[in-house]
Amino acid sequence: MTARAMRRSVLVVDDDASIRAVVRAVLEADDLSVAEAVDGSAALAFIAQEDPAVVLLDVMMPGMDGIDVCRQIDTARVPVLMLTAKDDPVTERACLDAGARALLGKPFSAIELLDAVEGLLQVEAP
């Protein structure tokens with residue numbers, strides 16, 4: 001993968017296949033490379049092997065939840081955008097304390113998603 005492509009790669013972590021499919025379609029339409037993981041363990045294994053530019057991480061997943069996963073990611077190197085249907089101050093604080101750069105409440109629009117991801121990519125661009 002070229003350096004430019006790696007800077008535009010996104011890992012989408014969500015146990016809901018329909019959410020992953022919609023997010024993939026939106027991001028690929030914006031010329032982003034997208035990988036998917038169905039749970040926290042798969043996400044951490046992927047991150048150990050690859051170098052995504054951004055991770056989109058669902059908060060509520062079976063097994064290891066997104067907040068626990070976020071704590072295990074080097075968020076100084078790989079920014080994390082948390083996706084959550086539980087959009088409240090307690091969840092927001094827990095996500096930010098775990099290292100997430102931002103939160104996006106479900107449901108979200110394609111424009112909100114792209115703005116958030118592109119904002120993280122701009123911050124990370126060399």
# chains A, B, ... in the order shown; residues from 1 in each chain; ligands from 1
$ residues_around --residues "Ala85 of chain A" --least-positions-apart "3" --cutoff "8 Å" --atoms "only C-alpha atoms" --output "MDAnalysis selection string"
chainID A and resid 105:107
$ select_by_dssp --residues "segment 17-86 of chain A" --states "strand (DSSP E)" --output "VMD selection string"
chain A and resid 33 to 37 54 to 58 80 to 84
$ write_last_selection --atoms "C-alpha atoms" --output "PDB file, in the first residue's frame"
ATOM      1  CA  SER A  33      -9.776   2.735   1.500  1.00  0.00           C
ATOM      2  CA  VAL A  34     -11.940   0.813   3.984  1.00  0.00           C
ATOM      3  CA  ALA A  35     -11.297  -2.317   6.042  1.00  0.00           C
ATOM      4  CA  GLU A  36     -13.827  -3.863   8.404  1.00  0.00           C
ATOM      5  CA  ALA A  37     -13.719  -5.684  11.727  1.00  0.00           C
ATOM      6  CA  VAL A  54      -8.297   6.384  11.285  1.00  0.00           C
ATOM      7  CA  VAL A  55     -10.367   3.876  13.260  1.00  0.00           C
ATOM      8  CA  LEU A  56     -14.160   4.199  13.450  1.00  0.00           C
ATOM      9  CA  LEU A  57     -15.177   2.259  16.535  1.00  0.00           C
ATOM     10  CA  ASP A  58     -18.638   1.322  17.761  1.00  0.00           C
ATOM     11  CA  VAL A  80     -10.214   6.967  16.908  1.00  0.00           C
ATOM     12  CA  LEU A  81     -13.712   8.236  16.125  1.00  0.00           C
ATOM     13  CA  MET A  82     -16.278   6.530  18.338  1.00  0.00           C
ATOM     14  CA  LEU A  83     -19.714   5.743  16.901  1.00  0.00           C
ATOM     15  CA  THR A  84     -22.511   5.383  19.417  1.00  0.00           C
TER      16      THR A  84
END
$ closest_residue --among "A:Asp74, A:Glu118, A:Asp14, A:Asp88" --to "Ala42 of chain A" --atoms "only C-alpha atoms"
A:Asp14
$ residues_around --residues "Leu114 of chain A" --least-positions-apart "2" --cutoff "10 Å" --atoms "only C-alpha atoms" --output "PyMOL selection string"
chain A and resi 23+26-27+29-30+109-112+116-120
$ write_last_selection --atoms "all heavy atoms" --output "compact mmCIF listing (two decimals), in the first residue's frame"
# COMPACT_ATOMS: atom_id res chain seq x y z
N VAL A 23 -21.38 2.62 6.13
CA VAL A 23 -20.18 3.42 6.37
C VAL A 23 -19.17 3.17 5.25
O VAL A 23 -18.57 4.11 4.72
CB VAL A 23 -19.58 3.13 7.76
CG1 VAL A 23 -18.22 3.76 7.92
CG2 VAL A 23 -20.53 3.62 8.85
N VAL A 26 -20.23 5.05 2.04
CA VAL A 26 -20.01 6.51 2.16
C VAL A 26 -18.53 6.84 2.04
O VAL A 26 -18.13 7.75 1.31
CB VAL A 26 -20.59 7.04 3.49
CG1 VAL A 26 -20.14 8.47 3.76
CG2 VAL A 26 -22.11 6.94 3.49
N LEU A 27 -17.69 6.10 2.74
CA LEU A 27 -16.26 6.39 2.74
C LEU A 27 -15.60 6.07 1.40
O LEU A 27 -14.75 6.82 0.92
CB LEU A 27 -15.56 5.65 3.88
CG LEU A 27 -15.99 6.03 5.28
CD1 LEU A 27 -15.26 5.18 6.32
CD2 LEU A 27 -15.81 7.50 5.55
N ALA A 29 -17.01 6.19 -1.46
CA ALA A 29 -17.45 7.23 -2.41
C ALA A 29 -16.58 8.48 -2.27
O ALA A 29 -16.49 9.28 -3.21
CB ALA A 29 -18.93 7.57 -2.18
N ASP A 30 -15.91 8.64 -1.14
CA ASP A 30 -15.01 9.76 -0.90
C ASP A 30 -13.55 9.35 -1.16
O ASP A 30 -12.63 10.00 -0.70
CB ASP A 30 -15.18 10.28 0.53
CG ASP A 30 -14.57 11.65 0.75
OD1 ASP A 30 -14.77 12.53 -0.10
OD2 ASP A 30 -13.89 11.83 1.77
N SER A 109 -25.53 11.43 9.58
CA SER A 109 -25.66 11.60 8.13
C SER A 109 -24.32 11.30 7.46
O SER A 109 -23.27 11.31 8.10
CB SER A 109 -26.09 13.03 7.79
OG SER A 109 -25.04 13.94 8.04
N ALA A 110 -24.38 11.09 6.16
CA ALA A 110 -23.15 10.87 5.39
C ALA A 110 -22.24 12.08 5.50
O ALA A 110 -21.01 11.93 5.64
CB ALA A 110 -23.49 10.58 3.93
N ILE A 111 -22.81 13.26 5.49
CA ILE A 111 -22.00 14.49 5.58
C ILE A 111 -21.31 14.57 6.94
O ILE A 111 -20.13 14.91 7.03
CB ILE A 111 -22.86 15.73 5.31
CG1 ILE A 111 -23.28 15.74 3.84
CG2 ILE A 111 -22.13 17.01 5.69
CD1 ILE A 111 -24.30 16.80 3.48
N GLU A 112 -22.04 14.26 8.01
CA GLU A 112 -21.43 14.28 9.35
C GLU A 112 -20.27 13.28 9.44
O GLU A 112 -19.21 13.59 9.98
CB GLU A 112 -22.47 13.94 10.42
CG GLU A 112 -23.50 15.01 10.64
CD GLU A 112 -24.63 14.55 11.56
OE1 GLU A 112 -25.11 13.40 11.42
OE2 GLU A 112 -25.02 15.36 12.43
N ALA A 116 -16.28 14.32 9.88
CA ALA A 116 -15.52 13.84 11.03
C ALA A 116 -14.26 13.09 10.59
O ALA A 116 -13.17 13.32 11.11
CB ALA A 116 -16.40 12.95 11.91
N VAL A 117 -14.41 12.20 9.62
CA VAL A 117 -13.27 11.41 9.15
C VAL A 117 -12.25 12.31 8.46
O VAL A 117 -11.05 12.23 8.73
CB VAL A 117 -13.73 10.26 8.23
CG1 VAL A 117 -12.54 9.59 7.56
CG2 VAL A 117 -14.55 9.25 9.02
N GLU A 118 -12.71 13.17 7.56
CA GLU A 118 -11.79 14.05 6.85
C GLU A 118 -11.07 14.99 7.84
O GLU A 118 -9.90 15.30 7.65
CB GLU A 118 -12.51 14.85 5.78
CG GLU A 118 -12.93 14.03 4.57
CD GLU A 118 -11.77 13.51 3.73
OE1 GLU A 118 -10.61 13.99 3.88
OE2 GLU A 118 -12.01 12.61 2.92
N GLY A 119 -11.77 15.42 8.88
CA GLY A 119 -11.13 16.25 9.89
C GLY A 119 -9.98 15.52 10.57
O GLY A 119 -8.91 16.10 10.78
N LEU A 120 -10.18 14.24 10.90
CA LEU A 120 -9.11 13.46 11.51
C LEU A 120 -7.98 13.20 10.52
O LEU A 120 -6.81 13.21 10.90
CB LEU A 120 -9.65 12.15 12.07
CG LEU A 120 -10.56 12.30 13.28
CD1 LEU A 120 -11.14 10.95 13.67
CD2 LEU A 120 -9.82 12.92 14.45
$ closest_residue --among "A:Leu113, A:Met60, A:Val69, A:Ala25" --to "Asp87 of chain A" --atoms "only C-alpha atoms"
A:Met60
$ closest_residue --among "A:Leu121, A:Val90, A:Met61, A:Ala100" --to "Val10 of chain A" --atoms "only C-alpha atoms"
A:Leu121
$ atom_distance --atom1 "atom CA of Asp115 of chain A" --atom2 "atom CA of Leu103 of chain A"
12.1 Å
$ select_by_dssp --residues "chain A" --states "alpha helix (DSSP H)" --output "VMD selection string"
chain A and resid 3 to 7 17 to 29 40 to 49 66 to 71 89 to 98 110 to 124
$ atom_distance --atom1 "atom CA of Arg24 of chain A" --atom2 "atom CA of Met64 of chain A"
22.3 Å
$ atom_distance --atom1 "atom CA of Phe46 of chain A" --atom2 "atom CA of Thr91 of chain A"
25.1 Å
$ closest_residue --among "A:Arg20, A:Arg101, A:Arg71, A:Arg8" --to "Asp39 of chain A" --atoms "only C-alpha atoms"
A:Arg20
